[in-house]
$ cat data.cif   # mmCIF, C-alpha atoms and all ligand atoms
data_entry
loop_
_atom_site.label_atom_id
_atom_site.label_comp_id
_atom_site.auth_asym_id
_atom_site.auth_seq_id
_atom_site.Cartn_x
_atom_site.Cartn_y
_atom_site.Cartn_z
CA MET X 1 -14.52 -22.61 7.45
CA GLY X 2 -11.08 -21.86 8.87
CA LEU X 3 -9.65 -18.42 9.29
CA VAL X 4 -7.34 -18.75 6.30
CA THR X 5 -10.12 -19.94 4.03
CA THR X 6 -12.29 -17.05 5.20
CA ALA X 7 -9.48 -14.65 4.40
CA ARG X 8 -9.09 -16.22 0.94
CA VAL X 9 -12.78 -15.96 0.20
CA LYS X 10 -12.92 -12.39 1.48
CA SER X 11 -10.00 -11.11 -0.51
CA PRO X 12 -9.89 -12.41 -4.09
CA TRP X 13 -7.63 -10.16 -6.11
CA ILE X 14 -8.38 -10.48 -9.78
CA MET X 15 -6.16 -9.98 -12.77
CA HIS X 16 -7.85 -9.33 -16.06
CA PHE X 17 -6.22 -10.59 -19.25
CA ASP X 18 -7.68 -9.59 -22.59
CA CYS X 19 -6.97 -12.58 -24.77
CA GLY X 20 -8.14 -10.87 -27.96
CA SER X 21 -11.68 -10.07 -26.98
CA CYS X 22 -13.75 -7.52 -28.90
CA ASN X 23 -13.63 -5.30 -25.77
CA GLY X 24 -17.30 -5.94 -25.08
CA CYS X 25 -16.56 -8.24 -22.17
CA ASP X 26 -13.68 -6.05 -20.97
CA ILE X 27 -15.99 -3.10 -20.55
CA GLU X 28 -18.38 -5.24 -18.55
CA ILE X 29 -15.58 -6.33 -16.23
CA LEU X 30 -14.60 -2.72 -15.67
CA ALA X 31 -18.27 -1.94 -15.04
CA CYS X 32 -18.11 -4.29 -12.05
CA LEU X 33 -15.56 -1.96 -10.45
CA THR X 34 -17.69 1.18 -10.82
CA PRO X 35 -19.79 2.54 -7.93
CA LEU X 36 -22.91 0.88 -9.34
CA TYR X 37 -21.64 -2.68 -8.81
CA ASP X 38 -18.63 -1.94 -6.58
CA VAL X 39 -17.02 -5.35 -6.25
CA GLU X 40 -14.52 -3.91 -3.76
CA ARG X 41 -17.18 -4.41 -1.09
CA PHE X 42 -16.40 -8.13 -1.44
CA GLY X 43 -12.71 -7.39 -1.12
CA ILE X 44 -12.16 -7.81 -4.84
CA ILE X 45 -9.38 -5.68 -6.22
CA ASN X 46 -8.41 -5.46 -9.87
CA ILE X 47 -4.67 -5.89 -9.80
CA GLY X 48 -2.39 -5.69 -12.83
CA ASN X 49 0.17 -8.19 -11.67
CA PRO X 50 -0.04 -11.99 -11.90
CA LYS X 51 2.22 -12.39 -8.86
CA HIS X 52 -0.35 -10.68 -6.65
CA ALA X 53 -3.50 -12.13 -8.21
CA ASP X 54 -5.72 -14.94 -6.97
CA VAL X 55 -8.19 -15.08 -9.82
CA LEU X 56 -7.24 -14.82 -13.48
CA VAL X 57 -10.14 -13.39 -15.45
CA VAL X 58 -9.78 -14.04 -19.15
CA THR X 59 -11.87 -12.52 -21.92
CA GLY X 60 -11.69 -13.45 -25.59
CA ALA X 61 -10.75 -16.63 -27.39
CA ALA X 62 -7.31 -18.20 -27.18
CA ASN X 63 -5.33 -17.93 -30.38
CA ARG X 64 -1.95 -19.19 -31.51
CA ARG X 65 -0.23 -15.90 -30.72
CA ASN X 66 -1.44 -15.27 -27.20
CA ALA X 67 -1.55 -18.85 -25.93
CA ARG X 68 2.07 -18.52 -24.81
CA VAL X 69 1.39 -15.26 -22.98
CA LEU X 70 -1.70 -16.71 -21.34
CA ARG X 71 0.19 -19.77 -20.12
CA ASN X 72 3.04 -17.58 -18.89
CA LEU X 73 0.68 -15.38 -16.86
CA TYR X 74 -1.04 -18.40 -15.41
CA GLU X 75 2.23 -19.96 -14.36
CA GLN X 76 3.40 -16.78 -12.65
CA MET X 77 0.42 -16.79 -10.30
CA PRO X 78 1.16 -18.32 -6.89
CA GLU X 79 -1.13 -21.09 -5.63
CA PRO X 80 -3.99 -21.24 -4.75
CA LYS X 81 -5.35 -19.73 -7.93
CA LEU X 82 -8.50 -19.83 -10.02
CA VAL X 83 -9.29 -19.08 -13.64
CA MET X 84 -12.51 -17.53 -14.85
CA ALA X 85 -13.43 -17.51 -18.54
CA VAL X 86 -15.69 -14.51 -19.09
CA GLY X 87 -17.77 -14.27 -22.26
CA THR X 88 -18.73 -16.76 -24.89
CA CYS X 89 -15.43 -16.23 -26.70
CA ALA X 90 -13.41 -17.23 -23.64
CA CYS X 91 -15.69 -20.19 -22.97
CA SER X 92 -15.69 -21.74 -26.41
CA GLY X 93 -14.30 -19.37 -29.02
CA GLY X 94 -17.71 -17.80 -29.60
CA VAL X 95 -18.16 -15.91 -32.85
CA PHE X 96 -14.50 -16.52 -33.67
CA HIS X 97 -14.98 -20.26 -33.47
CA GLN X 98 -13.18 -22.07 -36.31
CA CYS X 99 -11.24 -19.05 -37.46
CA PRO X 100 -7.84 -20.26 -38.72
CA ASN X 101 -5.87 -18.58 -35.94
CA ILE X 102 -8.22 -19.48 -33.09
CA LEU X 103 -7.54 -22.43 -30.82
CA GLY X 104 -10.96 -22.22 -29.17
CA GLY X 105 -11.90 -21.46 -25.58
CA VAL X 106 -9.35 -20.50 -22.96
CA ASP X 107 -9.51 -24.03 -21.57
CA LYS X 108 -7.55 -25.22 -24.58
CA VAL X 109 -4.51 -23.55 -23.01
CA ILE X 110 -4.99 -23.43 -19.23
CA PRO X 111 -7.39 -25.14 -16.82
CA VAL X 112 -10.56 -23.11 -16.29
CA ASN X 113 -12.57 -23.25 -13.05
CA VAL X 114 -15.57 -21.08 -13.87
CA TYR X 115 -17.28 -20.32 -17.16
CA VAL X 116 -19.36 -17.15 -17.48
CA PRO X 117 -21.23 -17.25 -20.79
CA GLY X 118 -22.82 -14.27 -22.53
CA CYS X 119 -21.94 -11.97 -25.39
CA ALA X 120 -21.13 -9.75 -23.66
CA ALA X 121 -21.34 -11.29 -20.20
CA ARG X 122 -23.35 -8.98 -17.96
CA PRO X 123 -21.74 -7.59 -14.78
CA GLU X 124 -24.29 -9.47 -12.68
CA ALA X 125 -23.23 -12.69 -14.38
CA ILE X 126 -19.56 -11.92 -13.82
CA ILE X 127 -20.12 -11.23 -10.11
CA ASP X 128 -22.11 -14.45 -9.96
CA GLY X 129 -19.14 -16.23 -11.52
CA VAL X 130 -16.78 -14.80 -8.92
CA VAL X 131 -19.09 -16.00 -6.15
CA LEU X 132 -19.09 -19.46 -7.72
CA ALA X 133 -15.30 -19.40 -7.93
CA LEU X 134 -15.08 -18.47 -4.26
CA GLN X 135 -17.36 -21.35 -3.33
CA LYS X 136 -14.96 -23.64 -5.15
CA LEU X 137 -12.09 -22.10 -3.24
CA ALA X 138 -13.87 -22.59 0.09
CA GLY X 139 -14.76 -26.16 -0.82
CA ALA X 140 -11.29 -27.02 -2.01
CA ALA X 141 -9.50 -25.78 1.10
CA MET O 1 9.47 3.48 35.31
CA THR O 2 12.33 3.09 32.86
CA GLY O 3 13.78 -0.21 33.98
CA PRO O 4 14.75 -2.75 31.32
CA VAL O 5 11.67 -4.86 32.10
CA PHE O 6 9.38 -1.90 31.55
CA LEU O 7 11.11 -1.04 28.26
CA PHE O 8 10.80 -4.64 27.13
CA VAL O 9 7.09 -4.81 27.94
CA LEU O 10 6.60 -1.51 26.17
CA ALA O 11 8.37 -2.87 23.10
CA VAL O 12 6.28 -6.05 23.04
CA LEU O 13 3.07 -4.05 23.41
CA THR O 14 4.10 -1.76 20.59
CA VAL O 15 5.04 -4.58 18.24
CA VAL O 16 1.71 -6.32 18.91
CA LEU O 17 -0.67 -3.36 19.04
CA ALA O 18 0.75 -1.06 16.36
CA PRO O 19 -0.16 -3.32 13.41
CA LEU O 20 -3.68 -3.76 14.80
CA VAL O 21 -4.16 -0.01 14.90
CA GLY O 22 -2.40 0.50 11.57
CA GLY O 23 -4.43 -2.21 9.85
CA LEU O 24 -7.68 -0.77 11.14
CA LEU O 25 -6.65 2.69 9.95
CA PHE O 26 -5.95 1.26 6.49
CA GLY O 27 -9.36 -0.41 6.54
CA LEU O 28 -10.98 2.85 7.61
CA ASP O 29 -9.14 4.58 4.81
CA ARG O 30 -10.50 2.15 2.21
CA LYS O 31 -14.01 2.33 3.61
CA LEU O 32 -14.10 6.12 3.74
CA THR O 33 -12.53 6.46 0.31
CA ALA O 34 -15.21 4.17 -1.08
CA ARG O 35 -17.91 6.24 0.60
CA LEU O 36 -16.44 9.45 -0.76
CA GLN O 37 -16.63 7.87 -4.22
CA GLY O 38 -20.24 6.79 -3.71
CA ARG O 39 -19.43 3.09 -3.22
CA VAL O 40 -20.18 0.73 -0.36
CA GLY O 41 -16.58 -0.24 0.16
CA PRO O 42 -14.89 -3.25 1.74
CA PRO O 43 -15.35 -4.22 5.41
CA LEU O 44 -13.24 -2.46 8.01
CA VAL O 45 -11.06 -5.52 8.61
CA GLN O 46 -10.33 -6.02 4.91
CA PRO O 47 -6.57 -5.32 5.28
CA PHE O 48 -6.33 -8.23 7.76
CA TYR O 49 -8.07 -10.56 5.32
CA ASP O 50 -5.66 -9.45 2.60
CA VAL O 51 -2.56 -9.99 4.68
CA LEU O 52 -3.76 -13.33 6.07
CA LYS O 53 -4.52 -14.54 2.56
CA LEU O 54 -1.17 -13.35 1.21
CA TRP O 55 0.64 -14.96 4.11
CA HIS O 56 -0.77 -18.36 3.19
CA LYS O 57 -0.09 -18.16 -0.50
CA GLU O 58 2.62 -20.09 -2.23
CA LYS O 59 6.13 -18.73 -1.60
CA ILE O 60 7.78 -17.62 -4.81
CA ALA O 61 11.13 -15.92 -4.42
CA VAL O 62 13.04 -14.21 -7.20
CA ASN O 63 16.29 -14.21 -5.27
CA ARG O 64 17.37 -14.26 -1.67
CA LEU O 65 18.61 -10.68 -1.47
CA HIS O 66 15.22 -9.45 -2.57
CA LEU O 67 13.63 -11.10 0.45
CA VAL O 68 16.30 -9.90 2.83
CA TRP O 69 15.48 -6.31 1.88
CA ALA O 70 11.77 -6.91 2.49
CA TRP O 71 12.56 -8.17 6.00
CA ALA O 72 15.00 -5.30 6.49
CA TYR O 73 12.26 -2.83 5.64
CA LEU O 74 9.94 -4.33 8.23
CA VAL O 75 12.61 -4.56 10.93
CA LEU O 76 13.84 -1.01 10.36
CA VAL O 77 10.34 0.45 10.49
CA ILE O 78 9.70 -1.40 13.75
CA ALA O 79 13.06 -0.19 15.02
CA SER O 80 12.16 3.43 14.32
CA LEU O 81 8.82 2.98 16.05
CA LEU O 82 10.61 1.51 19.07
CA LEU O 83 12.97 4.49 19.11
CA LEU O 84 9.88 6.65 19.46
CA VAL O 85 8.18 4.68 22.24
CA TRP O 86 11.46 4.37 24.11
CA GLN O 87 11.70 8.17 23.84
CA GLN O 88 15.05 8.12 22.14
CA ASP O 89 16.76 10.46 19.70
CA LEU O 90 14.53 12.07 17.07
CA LEU O 91 17.43 12.47 14.66
CA LEU O 92 18.31 8.78 14.89
CA LEU O 93 14.66 7.99 14.28
CA VAL O 94 14.61 10.06 11.10
CA PHE O 95 17.72 8.31 9.82
CA THR O 96 16.39 4.84 10.67
CA LEU O 97 13.17 5.63 8.87
CA GLY O 98 15.20 6.87 5.92
CA PHE O 99 17.18 3.64 5.92
CA ALA O 100 13.90 1.70 5.95
CA ALA O 101 12.81 3.50 2.79
CA ILE O 102 16.21 2.76 1.27
CA ALA O 103 15.73 -0.94 2.09
CA LEU O 104 12.53 -0.91 0.07
CA VAL O 105 14.35 0.76 -2.81
CA MET O 106 17.27 -1.67 -2.63
CA GLY O 107 14.78 -4.53 -2.70
CA SER O 108 13.24 -3.21 -5.87
CA PHE O 109 16.68 -2.78 -7.44
CA SER O 110 17.80 -6.30 -6.57
CA VAL O 111 15.63 -7.88 -9.23
CA ARG O 112 15.74 -7.38 -12.98
CA SER O 113 12.14 -6.38 -13.61
CA PRO O 114 12.03 -2.92 -15.23
CA TYR O 115 8.75 -2.15 -13.43
CA SER O 116 10.43 -2.81 -10.14
CA HIS O 117 13.24 -0.45 -11.11
CA PHE O 118 10.78 2.27 -12.10
CA GLY O 119 9.12 1.89 -8.71
CA GLY O 120 12.49 2.08 -6.97
CA GLN O 121 13.43 5.27 -8.82
CA ARG O 122 10.15 6.88 -7.90
CA GLU O 123 10.53 5.90 -4.26
CA LEU O 124 13.99 7.51 -4.33
CA MET O 125 12.48 10.70 -5.70
CA GLN O 126 10.01 10.74 -2.84
CA LEU O 127 12.83 10.19 -0.37
CA LEU O 128 14.67 13.11 -1.96
CA ALA O 129 11.58 15.25 -1.50
CA TYR O 130 10.77 14.52 2.14
CA GLU O 131 14.04 13.58 3.82
CA PRO O 132 15.45 17.16 4.03
CA VAL O 133 12.15 18.36 5.46
CA LEU O 134 12.09 15.62 8.11
CA LEU O 135 15.68 16.48 9.07
CA LEU O 136 14.88 20.17 9.31
CA THR O 137 11.85 19.30 11.40
CA ALA O 138 14.10 17.54 13.87
CA VAL O 139 16.39 20.58 13.84
CA ALA O 140 13.45 22.90 14.46
CA VAL O 141 12.32 20.77 17.36
CA TYR O 142 15.86 20.98 18.76
CA PHE O 143 15.80 24.74 18.33
CA ARG O 144 12.62 24.95 20.32
CA THR O 145 13.31 22.41 23.06
CA GLY O 146 17.09 22.26 23.20
CA THR O 147 17.16 18.49 22.78
CA PHE O 148 16.73 15.84 20.14
CA LEU O 149 15.42 13.36 22.69
CA VAL O 150 11.74 12.49 22.48
CA SER O 151 11.68 12.36 26.29
CA GLY O 152 12.75 16.00 26.30
CA ILE O 153 9.92 16.92 23.97
CA LEU O 154 7.44 15.15 26.22
CA GLN O 155 8.63 17.24 29.17
CA GLN O 156 7.54 20.50 27.53
CA ASP O 157 4.33 21.88 28.97
CA ARG O 158 3.46 24.07 25.99
CA PRO O 159 2.58 22.03 22.87
CA LEU O 160 5.17 22.23 20.11
CA LEU O 161 2.37 23.18 17.75
CA PHE O 162 2.17 26.70 19.26
CA SER O 163 5.76 27.58 18.49
CA LEU O 164 6.21 25.42 15.39
CA PRO O 165 2.94 25.79 13.44
CA LEU O 166 4.66 26.12 10.06
CA VAL O 167 6.87 23.09 10.71
CA PHE O 168 3.72 21.19 11.56
CA ALA O 169 2.13 22.25 8.26
CA ALA O 170 5.22 21.01 6.41
CA LEU O 171 5.03 17.71 8.26
CA VAL O 172 1.40 17.28 7.21
CA ILE O 173 2.44 17.75 3.57
CA ILE O 174 5.15 15.13 4.09
CA LEU O 175 2.50 12.85 5.57
CA THR O 176 0.89 12.74 2.13
CA ILE O 177 4.06 11.22 0.71
CA LYS O 178 4.62 8.86 3.62
CA MET O 179 1.02 7.62 3.49
CA ARG O 180 1.40 7.12 -0.29
CA LYS O 181 -1.53 9.37 -1.01
CA SER O 182 -2.50 11.42 -4.02
CA PRO O 183 -1.11 13.82 -5.30
CA PHE O 184 2.25 12.34 -4.24
CA ASP O 185 1.53 8.61 -4.61
CA LEU O 186 4.23 8.14 -7.22
CA ALA O 187 5.92 4.94 -6.15
CA ALA O 188 3.07 2.96 -4.71
CA CYS O 189 -0.47 3.49 -3.69
CA GLU O 190 -3.38 1.70 -2.18
CA HIS O 191 -6.03 2.35 -4.76
CA ALA O 192 -4.35 2.56 -8.15
CA HIS O 193 -3.65 -0.72 -9.78
CA GLN O 194 -1.32 0.19 -12.59
CA GLU O 195 1.88 -1.76 -12.92
CA LEU O 196 4.03 1.36 -12.98
CA VAL O 197 2.64 2.91 -9.86
CA ARG O 198 2.89 -0.23 -7.80
CA GLY O 199 6.18 -1.06 -9.48
CA ILE O 200 8.07 -1.40 -6.24
CA TYR O 201 5.97 -4.45 -5.32
CA THR O 202 6.10 -6.06 -8.76
CA GLU O 203 8.31 -8.99 -7.84
CA TYR O 204 7.09 -9.47 -4.28
CA SER O 205 4.34 -12.03 -3.97
CA GLY O 206 2.47 -13.92 -1.31
CA PRO O 207 4.01 -13.78 2.17
CA TYR O 208 6.63 -11.21 1.19
CA LEU O 209 3.97 -8.80 -0.03
CA ALA O 210 2.22 -9.38 3.29
CA LEU O 211 5.44 -8.44 5.12
CA ILE O 212 5.65 -5.16 3.27
CA GLN O 213 2.00 -4.47 3.93
CA VAL O 214 2.46 -5.01 7.66
CA ALA O 215 5.51 -2.74 7.55
CA HIS O 216 3.28 -0.06 6.01
CA TRP O 217 0.90 -0.42 8.96
CA TYR O 218 3.74 0.18 11.41
CA GLU O 219 4.93 3.10 9.34
CA LEU O 220 1.48 4.70 9.35
CA VAL O 221 1.31 4.45 13.14
CA LEU O 222 4.80 5.91 13.39
CA VAL O 223 4.18 8.97 11.21
CA LEU O 224 0.86 9.64 12.92
CA ALA O 225 2.61 9.38 16.29
CA LEU O 226 5.16 11.93 15.06
CA ILE O 227 2.26 14.23 14.18
CA GLY O 228 0.76 13.65 17.62
CA LEU O 229 4.07 14.60 19.24
CA PHE O 230 3.26 18.20 18.36
CA TRP O 231 0.63 18.27 21.06
CA ALA O 232 1.88 15.68 23.51
CA HIS O 233 0.07 16.96 26.64
CA PRO O 234 -2.60 15.88 27.29
CA TRP O 235 -2.10 12.72 25.25
CA TRP O 236 -5.60 12.71 23.79
CA ALA O 237 -4.93 16.09 22.17
CA GLY O 238 -2.07 14.45 20.28
CA VAL O 239 -4.29 11.58 19.24
CA LEU O 240 -6.96 14.03 18.06
CA LEU O 241 -4.34 15.95 16.11
CA ALA O 242 -3.11 12.76 14.43
CA VAL O 243 -6.65 11.63 13.62
CA ALA O 244 -7.48 15.05 12.17
CA ALA O 245 -4.37 14.88 9.98
CA PHE O 246 -5.35 11.37 8.87
CA PHE O 247 -8.82 12.49 7.77
CA ALA O 248 -7.46 15.59 6.08
CA GLU O 249 -5.16 13.26 4.15
CA LEU O 250 -8.13 11.18 2.95
CA VAL O 251 -9.94 14.26 1.66
CA VAL O 252 -6.82 15.47 -0.13
CA ASP O 253 -6.27 11.99 -1.57
CA ASN O 254 -9.74 11.91 -3.07
CA SER O 255 -9.75 15.43 -4.43
CA THR O 256 -6.41 15.59 -6.19
CA ALA O 257 -4.74 13.86 -9.10
CA ARG O 258 -1.27 12.37 -9.12
CA VAL O 259 1.52 14.73 -10.19
CA THR O 260 4.76 13.88 -11.98
CA TRP O 261 7.95 13.63 -9.97
CA PRO O 262 9.51 16.98 -11.02
CA VAL O 263 6.29 18.73 -9.99
CA MET O 264 6.33 16.85 -6.69
CA LEU O 265 9.94 17.83 -5.98
CA ARG O 266 9.25 21.47 -6.81
CA LEU O 267 6.03 21.61 -4.81
CA VAL O 268 7.34 19.83 -1.74
CA TRP O 269 10.68 21.62 -1.61
CA ALA O 270 9.20 25.04 -2.34
CA SER O 271 6.38 24.75 0.18
CA CYS O 272 7.89 22.65 2.95
CA LEU O 273 11.39 24.10 3.00
CA THR O 274 9.95 27.63 2.97
CA LEU O 275 7.59 26.76 5.81
CA VAL O 276 10.26 25.15 7.97
CA LEU O 277 12.87 27.84 7.35
CA ALA O 278 10.36 30.63 7.97
CA ASN O 279 9.44 28.99 11.25
CA LEU O 280 13.11 28.65 12.20
CA ALA O 281 13.74 32.30 11.33
CA ALA O 282 10.77 33.41 13.39
CA LEU O 283 11.98 31.38 16.39
CA TYR O 284 15.47 32.85 15.99
CA LEU O 285 14.22 36.44 15.83
CA ILE O 286 11.72 36.14 18.66
CA VAL O 287 13.71 34.08 21.14
S1 LIG X 301 -18.15 -12.83 -25.92
FE1 LIG X 301 -18.98 -11.26 -27.29
S2 LIG X 301 -18.61 -9.35 -26.21
FE2 LIG X 301 -17.31 -10.89 -25.26
S3 LIG X 301 -15.38 -10.73 -26.30
FE3 LIG X 301 -16.55 -12.27 -27.36
S4 LIG X 301 -17.57 -11.20 -29.02
FE4 LIG X 301 -16.88 -9.67 -27.55
#
$ encode --input "data.cif" --output "structure tokens"
Amino acid sequence: MGLVTTARVKSPWIMHFDCGSCNGCDIEILACLTPLYDVERFGIINIGNPKHADVLVVTGAANRRNARVLRNLYEQMPEPKLVMAVGTCACSGGVFHQCPNILGGVDKVIPVNVYVPGCAARPEAIIDGVVLALQKLAGAA
Amino acid sequence: MTGPVFLFVLAVLTVVLAPLVGGLLFGLDRKLTARLQGRVGPPLVQPFYDVLKLWHKEKIAVNRLHLVWAWAYLVLVIASLLLLVWQQDLLLLVFTLGFAAIALVMGSFSVRSPYSHFGGQRELMQLLAYEPVLLLTAVAVYFRTGTFLVSGILQQDRPLLFSLPLVFAALVIILTIKMRKSPFDLAACEHAHQELVRGIYTEYSGPYLALIQVAHWYELVLVLALIGLFWAHPWWAGVLLAVAAFFAELVVDNSTARVTWPVMLRLVWASCLTLVLANLAALYLIV
């Protein structure tokens, strides 16, 4: 693994976008940042700006309203970038599946690299997902 | 030992070594902060990973002027550091450093993002708070040593700290602003991730964000060196002084909450200006 790839794997800055989730998954993502799970030890920082982010973490199902916002955020992120769908809603629409305003999973709008299922997804599962995403990053580079 | 070759070698060494020290100090900061909060924290070399990663990200520029100001910030900070190691004029150093801060502000104003503008305004407020104190510090040093030249300060046998203790205290308060630490981390900060607080960086991405980060490393080394100047002989006393100030800053950062800008202005002006002026008055009456 080259130096640059190492740096990429060691410093994934995440941006969290709540795409209309019930807040269950959001709370679990925030739990990852607390002292108990402390994802900063892997260099992960929760950053509120798509221009600085490497990983876009989306919770909740895509709907007709927020699809445009989601695409906009994704396009503002500089390459290389990854997308993680966290929670059953983000993966497939979950309990909101087939609601009239719901398009389905996040992958209906933007390409998704890692799916983390669960309602709500547990912090361990989310961290596992990030590790998986980083392996993809290391493999791709 | 002041030939042009020597000065050149000194400059090269500074430009190469300062970011290494600064980056490690930032890493230490993050590690210790994490420990103070009961977390494990990132590795010590995390800032280098961050910058290396940012440097190799896709280049997205909003406009050319924006980037010019980012470079200007870096170059001006390096220039002020060089003024210090070349033992030049303290007053010129303060102005160059001030111009560097202005470059950052101009950069944030050269794009249309409102967050960026918020950040710029807040940085200006910080500048308003600390610039008079820095200037008065230079004046106090002149009062004590009879010269603005850093070389003149280094020739003193008694540490400046003994005759300028209150000025030193004011400088430590200013260090909180310059290190972007709580309670005065209005414009930007290492650990908060809100859009407003990091507004000044909003439109910088990838390599340009890395540039600004590296400039922060230089700036940290510079302000710590200024602190160390208060006990320049023997040199390790100065280093100890700077390190002590750095750790004090970390404790303050973790035990205070961010204040609003009017409170910051009032606090900094009231405390620092009083300290510096009292020290000047004491010098005037005693000498
Ligand atoms: S997956 Fe469950 S917890 Fe997560 S957003 Fe959907 S409904 Fe809420």
$ residues_around --input "data.cif" --residues "Thr88 of chain X" --least-positions-apart "5" --cutoff "12 Å" --atoms "all atoms listed in the file" --output "PyMOL selection string"
chain X and resi 21-22+24-25+58-62+93-97+104-106+115-122
$ closest_atom_pairs --input "data.cif" --of "chain O" --to "chain X" --cutoff "10 Å" --atoms "all atoms listed in the file" --output "JSON lines"
{"residue": "O:Arg30", "atom": "CA", "partner": "X:Glu40", "partner_atom": "CA", "distance": 9.4}
{"residue": "O:Lys31", "atom": "CA", "partner": "X:Arg41", "partner_atom": "CA", "distance": 8.8}
{"residue": "O:Ala34", "atom": "CA", "partner": "X:Pro35", "partner_atom": "CA", "distance": 8.4}
{"residue": "O:Arg35", "atom": "CA", "partner": "X:Pro35", "partner_atom": "CA", "distance": 9.5}
{"residue": "O:Gln37", "atom": "CA", "partner": "X:Pro35", "partner_atom": "CA", "distance": 7.2}
{"residue": "O:Gly38", "atom": "CA", "partner": "X:Pro35", "partner_atom": "CA", "distance": 6.0}
{"residue": "O:Arg39", "atom": "CA", "partner": "X:Pro35", "partner_atom": "CA", "distance": 4.8}
{"residue": "O:Val40", "atom": "CA", "partner": "X:Arg41", "partner_atom": "CA", "distance": 6.0}
{"residue": "O:Gly41", "atom": "CA", "partner": "X:Arg41", "partner_atom": "CA", "distance": 4.4}
{"residue": "O:Pro42", "atom": "CA", "partner": "X:Arg41", "partner_atom": "CA", "distance": 3.8}
{"residue": "O:Pro43", "atom": "CA", "partner": "X:Arg41", "partner_atom": "CA", "distance": 6.8}
{"residue": "O:Gln46", "atom": "CA", "partner": "X:Gly43", "partner_atom": "CA", "distance": 6.6}
{"residue": "O:Pro47", "atom": "CA", "partner": "X:Ser11", "partner_atom": "CA", "distance": 8.9}
{"residue": "O:Phe48", "atom": "CA", "partner": "X:Ala7", "partner_atom": "CA", "distance": 7.9}
{"residue": "O:Tyr49", "atom": "CA", "partner": "X:Ala7", "partner_atom": "CA", "distance": 4.4}
{"residue": "O:Asp50", "atom": "CA", "partner": "X:Ser11", "partner_atom": "CA", "distance": 5.6}
{"residue": "O:Val51", "atom": "CA", "partner": "X:Ala7", "partner_atom": "CA", "distance": 8.3}
{"residue": "O:Leu52", "atom": "CA", "partner": "X:Ala7", "partner_atom": "CA", "distance": 6.1}
{"residue": "O:Lys53", "atom": "CA", "partner": "X:Arg8", "partner_atom": "CA", "distance": 5.1}
{"residue": "O:Leu54", "atom": "CA", "partner": "X:His52", "partner_atom": "CA", "distance": 8.3}
{"residue": "O:Trp55", "atom": "CA", "partner": "X:Val4", "partner_atom": "CA", "distance": 9.1}
{"residue": "O:His56", "atom": "CA", "partner": "X:Val4", "partner_atom": "CA", "distance": 7.3}
{"residue": "O:Lys57", "atom": "CA", "partner": "X:Glu79", "partner_atom": "CA", "distance": 6.0}
{"residue": "O:Glu58", "atom": "CA", "partner": "X:Glu79", "partner_atom": "CA", "distance": 5.2}
{"residue": "O:Lys59", "atom": "CA", "partner": "X:Pro78", "partner_atom": "CA", "distance": 7.3}
{"residue": "O:Ile60", "atom": "CA", "partner": "X:Pro78", "partner_atom": "CA", "distance": 7.0}
{"residue": "O:His191", "atom": "CA", "partner": "X:Ile45", "partner_atom": "CA", "distance": 8.8}
{"residue": "O:Ala192", "atom": "CA", "partner": "X:Ile47", "partner_atom": "CA", "distance": 8.6}
{"residue": "O:His193", "atom": "CA", "partner": "X:Ile47", "partner_atom": "CA", "distance": 5.3}
{"residue": "O:Gln194", "atom": "CA", "partner": "X:Gly48", "partner_atom": "CA", "distance": 6.0}
{"residue": "O:Glu195", "atom": "CA", "partner": "X:Gly48", "partner_atom": "CA", "distance": 5.8}
{"residue": "O:Leu196", "atom": "CA", "partner": "X:Gly48", "partner_atom": "CA", "distance": 9.5}
{"residue": "O:Arg198", "atom": "CA", "partner": "X:Gly48", "partner_atom": "CA", "distance": 9.1}
{"residue": "O:Gly199", "atom": "CA", "partner": "X:Asn49", "partner_atom": "CA", "distance": 9.6}
{"residue": "O:Tyr201", "atom": "CA", "partner": "X:His52", "partner_atom": "CA", "distance": 9.0}
{"residue": "O:Thr202", "atom": "CA", "partner": "X:Asn49", "partner_atom": "CA", "distance": 6.9}
{"residue": "O:Glu203", "atom": "CA", "partner": "X:Lys51", "partner_atom": "CA", "distance": 7.0}
{"residue": "O:Tyr204", "atom": "CA", "partner": "X:Lys51", "partner_atom": "CA", "distance": 7.3}
{"residue": "O:Ser205", "atom": "CA", "partner": "X:Lys51", "partner_atom": "CA", "distance": 5.3}
{"residue": "O:Gly206", "atom": "CA", "partner": "X:His52", "partner_atom": "CA", "distance": 6.9}
{"residue": "O:Leu209", "atom": "CA", "partner": "X:His52", "partner_atom": "CA", "distance": 8.1}
$ closest_residue --input "data.cif" --among "X:Ala31, X:Met84, X:Leu56, X:Cys91" --to "ligand LIG 301 (chain X)" --atoms "only C-alpha atoms and all ligand atoms"
X:Cys91
$ axis_aligned_box --input "data.cif" --around "segment 159-176 of chain O" --padding-each-side "4 Å" --output "lines of an AutoDock Vina configuration file"
center_x = 3.9
center_y = 20.2
center_z = 12.5
size_x = 14.0
size_y = 22.8
size_z = 28.7
$ atom_distance --input "data.cif" --atom1 "atom CA of Glu249 of chain O" --atom2 "atom CA of Ile173 of chain O"
8.8 Å
$ atom_distance --input "data.cif" --atom1 "atom CA of Trp217 of chain O" --atom2 "atom CA of Leu124 of chain O"
20.3 Å
$ atom_distance --input "data.cif" --atom1 "atom CA of Val55 of chain X" --atom2 "atom CA of Met15 of chain X"
6.2 Å
$ residues_around --input "data.cif" --residues "Leu83 of chain O" --least-positions-apart "6" --cutoff "10 Å" --atoms "only C-alpha atoms" --output "VMD selection string"
chain O and resid 11 77 89 to 90 92 to 94 96 149 to 150
$ residues_around --input "data.cif" --residues "segment 70-73 of chain X" --least-positions-apart "5" --cutoff "8 Å" --atoms "all atoms listed in the file" --output "ChimeraX atom specification"
/X:17,19,50,109-110
